Number of protein chains: 8
Amino acid sequence: MKQADLKMILKSVANGEISVDEAVTKFKTAPFEDLGFAKIDYHRGIRQGFAEVIYGEGKTPDQIVQIADNMLKNGQETVLITRMNSEAALLAKKSLPFTYHEIARVGIAGQMPVSDTDTSIVVATGGTSDMPVAEEASLTAEALGNKVIRIYDVGVSGIHRLLSHSEEIMNAKVIVAVAGMEGALASVIGGLADCPVIAVPTSVGYGASFGGVAALLSMLNSCASGVSVVNIDNGFGAGYLASIINHI
Amino acid sequence: MKQADLKMILKSVANGEISVDEAVTKFKTAPFEDLGFAKIDYHRGIRQGFAEVIYGEGKTPDQIVQIADNMLKNGQETVLITRMNSEAALLAKKSLPFTYHEIARVGIAGQMPVSDTDTSIVVATGGTSDMPVAEEASLTAEALGNKVIRIYDVGVSGIHRLLSHSEEIMNAKVIVAVAGMEGALASVIGGLADCPVIAVPTSVGYGASFGGVAALLSMLNSCASGVSVVNIDNGFGAGYLASIINHI
Amino acid sequence: MKQADLKMILKSVANGEISVDEAVTKFKTAPFEDLGFAKIDYHRGIRQGFAEVIYGEGKTPDQIVQIADNMLKNGQETVLITRMNSEAALLAKKSLPFTYHEIARVGIAGQMPVSDTDTSIVVATGGTSDMPVAEEASLTAEALGNKVIRIYDVGVSGIHRLLSHSEEIMNAKVIVAVAGMEGALASVIGGLADCPVIAVPTSVGYGASFGGVAALLSMLNSCASGVSVVNIDNGFGAGYLASIINHI
Amino acid sequence: MKQADLKMILKSVANGEISVDEAVTKFKTAPFEDLGFAKIDYHRGIRQGFAEVIYGEGKTPDQIVQIADNMLKNGQETVLITRMNSEAALLAKKSLPFTYHEIARVGIAGQMPVSDTDTSIVVATGGTSDMPVAEEASLTAEALGNKVIRIYDVGVSGIHRLLSHSEEIMNAKVIVAVAGMEGALASVIGGLADCPVIAVPTSVGYGASFGGVAALLSMLNSCASGVSVVNIDNGFGAGYLASIINHI
Amino acid sequence: MKQADLKMILKSVANGEISVDEAVTKFKTAPFEDLGFAKIDYHRGIRQGFAEVIYGEGKTPDQIVQIADNMLKNGQETVLITRMNSEAALLAKKSLPFTYHEIARVGIAGQMPVSDTDTSIVVATGGTSDMPVAEEASLTAEALGNKVIRIYDVGVSGIHRLLSHSEEIMNAKVIVAVAGMEGALASVIGGLADCPVIAVPTSVGYGASFGGVAALLSMLNSCASGVSVVNIDNGFGAGYLASIINHI
Amino acid sequence: MKQADLKMILKSVANGEISVDEAVTKFKTAPFEDLGFAKIDYHRGIRQGFAEVIYGEGKTPDQIVQIADNMLKNGQETVLITRMNSEAALLAKKSLPFTYHEIARVGIAGQMPVSDTDTSIVVATGGTSDMPVAEEASLTAEALGNKVIRIYDVGVSGIHRLLSHSEEIMNAKVIVAVAGMEGALASVIGGLADCPVIAVPTSVGYGASFGGVAALLSMLNSCASGVSVVNIDNGFGAGYLASIINHI
Amino acid sequence: MKQADLKMILKSVANGEISVDEAVTKFKTAPFEDLGFAKIDYHRGIRQGFAEVIYGEGKTPDQIVQIADNMLKNGQETVLITRMNSEAALLAKKSLPFTYHEIARVGIAGQMPVSDTDTSIVVATGGTSDMPVAEEASLTAEALGNKVIRIYDVGVSGIHRLLSHSEEIMNAKVIVAVAGMEGALASVIGGLADCPVIAVPTSVGYGASFGGVAALLSMLNSCASGVSVVNIDNGFGAGYLASIINHI
Amino acid sequence: MKQADLKMILKSVANGEISVDEAVTKFKTAPFEDLGFAKIDYHRGIRQGFAEVIYGEGKTPDQIVQIADNMLKNGQETVLITRMNSEAALLAKKSLPFTYHEIARVGIAGQMPVSDTDTSIVVATGGTSDMPVAEEASLTAEALGNKVIRIYDVGVSGIHRLLSHSEEIMNAKVIVAVAGMEGALASVIGGLADCPVIAVPTSVGYGASFGGVAALLSMLNSCASGVSVVNIDNGFGAGYLASIINHI
């Protein structure tokens with residue numbers, strides 16, 4: 001039931017075309033979402049101005065390209081495709097304006113938007129192996145109109161590498177801290193920064209890292225305030241949340 | 001090495017009282033934190049303008065009251081004391097301007113600040129048993145100068161109670177979603193809201209809730225974007241992070 | 001917004017007392033649940049005809065007795081109180097028509113209803129230590145108007161005790177199988193019966209029973225069809241679900 | 001000992017051919033199952049009227065086709081084959097009246113029965129990735145003579161999609177709620193519906209979903225009454241149990 | 001149906017008092033266990049000749065003493081009471097011939113039997129803290145008529161203490177190896193001995209011993225052949241199984 | 001130090017060729033194992049009379065065949081090879097008297113011994129999928145000179161199939177109970193039998209079976225006495241231990 | 001068999017009092033440990049020169065005082081008592097030269113030794129709550145003759161506090177890093193130092209710290225080389241190992 | 001800021017070219033690491049005199065060879081490459097002085113250094129399957145200039161094999177104990193030796209070994225003093241730490 005429909009019913013009541021009881025019945029059977037006063041599309045935030053998102057996992061190359069093509073034809077300037085394999089990328093390159101970021105398994109159909117904020121998001125990683133997740137976060141943020149400062153391979157076992165970036169960290173509006181193994185990066189950065197820190201544990205490691213559980217627990221137990229955590233390897237979620245905060 | 005010391009050395013160099021090499025040696029052996037060019041105190045964000053925080057766990061009533069008393073005497077207007085037991089509260093009431101919130105085990109010495117932002121933080125809970133954690137978050141946020149809208153007992157098994165608060169949810173600047181048991185509140189709220197949602201799993205439940213693990217996992221796996229998670233029962237952390245975001 | 005309110009608005013529209021647009025605004029701001037076309041109270045199923053339920057955990061004796069008293073005064077004939085401690089029971093006995101089942105920590109204010117179905121629910125346990133959970137299930141079912149056949153202490157390590165009850169098992173409309181330790185009871189009963197079997201793992205056991213996890217996993221992996229599982233020690237949930245099925 | 005044998009012994013006793021003591025001895029050594037007074041075949045419920053079931057996992061294509069062929073030749077009208085790979089399906093198509101549902105890995109040899117009940121089973125999923133499990137449940141239920149209403153991709157992070165199906169949910173006789181990730185669907189549906197809800201966690205997700213454990217725990221901790229849970233990815237078990245309940 | 005009943009029916013058939021079909025019906029409805037051809041009482045092995053067992057956990061002192069008293073009056077010479085607290089022991093001492101072994105929380109009503117085998121059971125422990133569990137095993141075995149050789153505090157971190165008992169270990173008929181912490185005792189003994197080794201993990205330890213899980217896993221992974229494992233702290237089970245093997 | 005060496009030293013002392021102190025020194029530096037008074041080879045039990053064992057995992061086909069060939073040439077009549085893949089089996093068939101049991105991945109080089117005991121070992125399984133592990137146990141026991149009675153596919157969800165084998169179960173000297181999923185078989189058999197029951201959890205199952213953990217926990221928590229447990233899928237260990245007990 | 005016994009036998013052989021074969025028999029039956037050529041007492045390292053250790057857990061105050069008294073009377077100058085409660089301390093103070101360190105639950109009977117090494121052990125903690133474990137480590141090390149530098153409350157969320165101690169860290173011979181919650185301290189220190197770092201996870205924390213598991217996993221996954229880990233809360237073990245390394 | 005830069009600033013101050021305040025500002029904004037008074041490169045310990053290390057995992061053969069080549073050209077005599085696959089080894093052999101140790105997946109470019117210490121490191125394993133991890137440790141230690149004594153396949157289930165190496169164990173300066181399955185080797189060795197024991201759990205095993213967790217827990221709970229633990233399969237870390245200790 002759209003607002004238009006609601007008005008229609010009310011007018012019919014006002015006009016005496018339908019009785020009050022008939023109107024009550026109509027309300028009872030109308031689906032909620034059509035009432036118009038709730039958020040119908042939870043992607044609204046993304047769509048307005050910036051990228052649409054396609055989650056590539058479990059979709060065939062054909063499906064991905066077709067969806068992206070439709071979006072572009074409907075006037076969308078940027079389409080962000082996550083968890084996209086190289087086969088799909090190959091197909092996309094043939095028929096779309098398209099760039100593929102292999103390490104992050106991210107594709108961009110159309111063109112990257114220019115950042116619309118003065119502030120920036122810092123994306124930091126503990127090691128080079130955390131880069132796929134970090135790049136998913138960085139590219140997501142960029143596709144959503146943010147300026148991203150990448151500070152990679154600054155793990156806490158070589159603390160001076162991290163400290164040499166103190167200024168960028170202290171000036172960030174929001175930070176994404178990506179780390180596997182012991183995941184301590186989030187705590188150290190959380191202690192240096194005054195802004196929100198989004199911690200992303202990665203499945204990098206072996207043995208007692210248990211596919212990212214060690215880093216996840218470490219981050220949840222961070223003794224630094226201002227730190228919150230997303231799922232293991234969830235670069236997209238971190239980049240998306242960072243964009244929301246950066247656009248506040 | 002305070003800035004004063006730094007200046008002293010530099011002046012001695014300028015005056016020729018010590019050689020350049022002697023100055024280099026002095027720098028090498030000075031502790032880092034004293035150089036003054038990095039954030040020495042990670043509580044700075046809290047101290048400026050709003051509450052100081054005392055973590056009551058493991059401190060004796062005497063210690064708590066003494067620390068709070070000193071802070072107030074030094075001009076602090078609000079002192080937030082978390083994880084404070086009733087015995088300590090009793091003592092505090094005798095010697096300090098003091099209010100105790102028993103359910104949250106939170107004490108406020110001095111007076112609550114007036115909110116300095118137009119926007120507000122929504123704190124929502126799944127059930128009434130989640131209130132201790134939610135109140136810790138709410139009071140923390142209030143002590144840090146935020147306006148808090150409490151929406152309690154709106155668990156997802158009675159979805160209409162939650163939906164009747166759609167407007168507050170959609171108008172919030174940041175939301176703290178507190179829930180035990182299956183922890184689904186964060187996902188539903190995350191789907192309704194465009195703002196950051198900080199999910200707090202609670203240890204409420206029994207059996208296969210495993211002291212909050214079920215809610216924690218549920219929240220980490222939220223399919224709604226914009227959701228991040230803090231430690232089980234960490235109401236303070238959520239309220240603190242919410243305050244940072246609300247003050248952006 | 002109750003249905004009465006909805007009619008009121010519609011009548012005002014019909015009467016021309018308020019405009020269509022004013023009515024639209026009223027709808028937008030009315031909480032969903034009041035619209036009356038959805039299940040407002042998920043306890044409705046219980047309330048119609050049979051017991052109201054009070055979850056005693058975390059409520060003071062005073063609170064429990066007051067709530068129960070109100071319910072009885074409002075015409076409710078049976079009030080089921082779960083997770084009720086003996087202190088609360090003592091108080092209830094003083095001021096209410098009340099029976100306390102200590103082993104199950106269940107209180108019945110008012111009187112137990114007579115069963116309104118021809119069919120019956122079988123509640124079976126592996127051992128005598130599972131009785132508290134089983135009795136919570138049995139009393140819940142009885143308070144909701146069901147006839148319950150108790151078959152206790154028929155654990156699978158003495159299979160003939162269980163088999164001697166084959167007829168009751170095969171004639172049940174629904175069975176609640178309560179067991180701790182290895183939790184195998186559900187599988188054996190599931191193999192004997194054609195009806196739905198609700199398995200309730202209990203926290204009875206020690207060592208590698210891990211507070212009911214062994215029984216829980218065992219029941220989830222049951223190779224018998226028709227078996228589903230509720231939370232550890234969740235006697236109420238099992239009794240409630242059994243009542244729904246028995247009333248179909 | 002078949003009933004025929006039992007009669008034979010009793011006749012011999014009646015005829016005086018064997019003594020009472022000899023008969024006692026014969027009884028003692030006869031195997032139980034042959035006595036005929038217990039449920040020998042726990043698949044009986046399925047066989048009478050509707051589909052036979054073949055569990056395809058671990059069987060060769062040849063074995064599957066041969067078993068199904070025999071069943072059809074013995075007059076069975078519907079044979080349901082679960083966990084069947086495409087290779088087996090290819091072979092089955094060559095020699096049997098056969099339909100393959102690739103997404104669910106389910107094959108139907110013979111023809112689907114017409115539903116023999118007025119009521120219907122709702123099968124709902126959180127996302128499109130949960131469809132393989134949901135379809136296994138739906139097809140199982142259909143093969144057992146049920147009418148199934150599919151409500152797919154109504155995850156709780158877009159609550160209005162789910163609410164727009166409120167009527168079907170409230171009219172169902174039994175509901176199967178299939179969800180991975182945070183598994184909150186079961187709780188929300190459990191709150192909307194009065195009928196039994198069978199929750200099926202799926203292994204859909206990554207990171208801290210731990211192959212379906214997050215959804216499993218979430219569902220076991222559901223705060224909605226009337227919800228019970230089956231094993232991760234156990235679409236068949238849910239469909240089978242739903243059929244039992246729908247046929248009550 | 002007792003054997004007497006069975007005979008009664010058969011005689012009625014022999015006499016022509018009831019028809020064969022009437023007899024068949026009687027059989028169908030008789031409970032299994034009464035047919036007398038299966039092991040009705042799984043404690044039979046214990047009762048014949050040696051101790052009856054009472055599991056004290058969850059029984060009141062009164063109940064325990066009453067049960068034990070009855071057993072003794074019925075001619076039982078030894079009654080073994082496990083998990084018995086000191087309060088119950090005090091009461092037992094007043095009214096029964098009774099000995100209490102506090103460390104094992106085991107009581108013996110009546111008198112310990114003399115061993116009826118030439119062979120012996122070795123019970124070994126890693127540390128002195130494992131003694132409560134070891135003594136439960138030893139006393140159980142003794143109450144069941146076995147000779148027990150105790151080799152306590154021979155943990156593997158002082159391997160020579162264990163090796164100095166090589167002869168007893170190599171001459172045992174069956175060995176119970178009780179150990180907490182790293183639980184390595186079972187493997188070393190398993191390598192020295194040719195007989196069955198029953199490993200009992202104990203909950204002794206702290207931190208990453210996880211209440212006996214470390215020892216349990218260690219024992220399950222023993223690279224020595226001939227080792228099997230019982231539940232954490234299950235001294236009774238180990239002593240009972242050792243007695244079965246020793247009596248072969 | 002072999003016994004010969006020991007004698008040599010003692011003779012030298014007797015002869016006065018070396019002093020007492022020189023002898024002491026010689027003892028101090030001699031390796032323990034050579035003293036000859038401890039079990040040097042823990043496979044001794046196997047070797048005397050019956051099969052040698054080769055653990056095939058991680059060995060090349062060449063290595064396996066060569067080792068087996070040597071053993072046979074040294075007079076060994078039976079060589080049992082476990083965890084042997086089909087490639088190794090193919091090679092073995094070319095050059096050795098050899099039989100391969102594919103389902104169990106067990107090879108027998110030489111000939112199976114005739115059983116040397118009157119008693120027998122029962123090996124039972126819950127389902128057909130447990131056969132690989134059960135056959136490893138059965139063939140191991142046979143290769144070690146035992147008579148094995150296989151009772152396969154008698155899972156507890158069809159309890160009468162198991163009960164129809166009550167006599168074999170009650171007459172066994174030792175039983176190996178092999179089951180995955182809920183692993184309840186061990187408890188039911190443990191309740192029926194008086195002899196030792198060795199429970200083998202298998203990794204058969206999916207979802208919350210967690211690769212055999214559900215069955216393992218179930219078996220460890222068995223409420224039947226006389227049951228002990230070996231590692232998941234450890235058919236060899238169970239067969240070996242059963243053989244030790246059967247030969248007592 | 002003491003060395004004296006060994007000599008006795010050898011002399012008897014030399015004297016011809018017993019034959020070589022008789023001597024062989026004597027050797028075979030003598031317990032290993034008495035042969036004197038292996039480390040009989042694994043506490044030897046401690047005893048020589050420094051403290052004896054008494055593990056107080058599970059010992060009565062009387063037992064502890066008696067053992068300590070004996071040791072002192074036998075010439076021991078320092079007796080270290082760990083996990084000692086205040087009741088035992090009270091008793092000890094009455095009858096022994098004794099100091100009690102309440103926070104560490106450590107008692108020292110006799111007098112602390114003077115350090116016998118030039119080098120020192122650094123013991124660092126993340127927070128003040130880690131002090132009990134850290135002090136157990138520090139006092140253990142001091143009682144074993146080491147100089148200890150305590151650097152407490154230098155958690156990684158305030159990295160400059162830690163860095164201000166860079167010199168002590170870089171000059172240490174061995175470091176004990178004690179931390180709960182996210183346990184990142186070990187990695188940061190491991191990156192700064194060239195010496196061995198012994199990481200001690202503590203059970204400090206709540207929620208997803210799981211009693212020290214988060215810190216444990218974090219430390220095991222440290223990306224800094226030179227770090228190894230002991231059990232949760234094992235301050236004694238860390239102090240002891242640090243002393244071994246410091247004395248190399 | 002290099003030391004040169006620091007001097008430059010100080011000289012400018014001395015020369016009066018810049019004011020004291022200008023100098024303060026320069027210090028504030030300079031990155032920490034450049035100040036030169038902290039350990040910039042945490043690999044320093046390795047580089048001086050002995051091997052550089054390349055972690056091969058995740059690097060292409062080309063990358064590995066190029067890095068190694070550069071190092072050798074820069075005068076490095078030994079380059080240790082861990083986690084190197086055979087493809088990379090093949091390429092390395094073509095263009096570098098190179099040796100590949102397949103079982104350990106370790107490559108050595110250049111030449112192995114001669115040991116520069118008198119003392120030696122013992123590397124012991126429980127079984128032959130633990131050799132890959134043990135060899136990674138041994139080769140790491142050798143590449144860092146240590147003499148290594150390998151004692152392989154001395155698992156605790158055949159304790160005399162281990163004891164025959166008592167002398168080497170008691171003479172070692174540091175021991176690396178590598179074991180999977182029940183991981184008891186570390187405790188037994190820890191009891192025999194006075195030196196530090198570094199325990200390395202391996203992922204060798206099946207079933208309840210859970211990829212090395214059983215061994216890990218076992219080692220963490222070792223009742224022998226002087227034992228610490230590194231991550232599962234972390235041969236490199238153990239070899240590296242052993243080298244640090246051996247060079248003290």
# chains A, B, ... in the order shown; residues from 1 in each chain; ligands from 1

$ closest_atom_pairs --of "chain G" --to "chain B" --cutoff "7 Å" --atoms "only C-alpha atoms" --output "tab-separated table"
residue	atom	partner	partner_atom	distance
G:Gly158	CA	B:Tyr42	CA	6.4
G:His160	CA	B:Glu33	CA	5.0
G:Arg161	CA	B:Glu33	CA	6.4
G:Leu163	CA	B:Phe32	CA	6.0
G:Ser164	CA	B:Pro31	CA	4.1
G:His165	CA	B:Pro31	CA	6.8
G:Gly207	CA	B:Ile232	CA	4.6
G:Ala208	CA	B:Asn231	CA	6.1

$ write_last_selection --atoms "C-alpha atoms" --output "tab-separated table (two decimals), in the first residue's frame"
chain	number	residue	atom	x	y	z
G	158	GLY	CA	48.66	3.38	25.50
G	160	HIS	CA	53.86	5.38	24.78
G	161	ARG	CA	53.84	4.14	28.32
G	163	LEU	CA	57.87	2.76	24.71
G	164	SER	CA	59.12	4.94	27.56
G	165	HIS	CA	60.60	1.71	28.92
G	207	GLY	CA	32.85	-11.86	27.99
G	208	ALA	CA	34.78	-13.06	24.96

$ residues_around --residues "region 238-245 of chain E" --least-positions-apart "5" --cutoff "8 Å" --atoms "only C-alpha atoms" --output "list of chain:residue names"
E:Ile121, E:Glu136, E:Ala137, E:Ser138, E:Leu139, E:Thr140, E:Ala141, E:Leu144, E:Gly145, E:Asn146, E:Lys173, E:Val174, E:Ile175, E:Val176, E:Ile198, E:Ala199, E:Val200, E:Val230, F:Asp194, F:Cys195, F:Pro196, F:Ser225, F:Gly226, F:Val227, F:Ile245

$ select_by_dssp --residues "region 25-204 of chain B" --states "strand (DSSP E or B)" --output "count of residues only"
40

$ residues_around --residues "Glu168 (chain D)" --least-positions-apart "4" --cutoff "9 Å" --atoms "only C-alpha atoms" --output "list in words"
Val122, Ile149, Ile151 and Ala172 of chain D
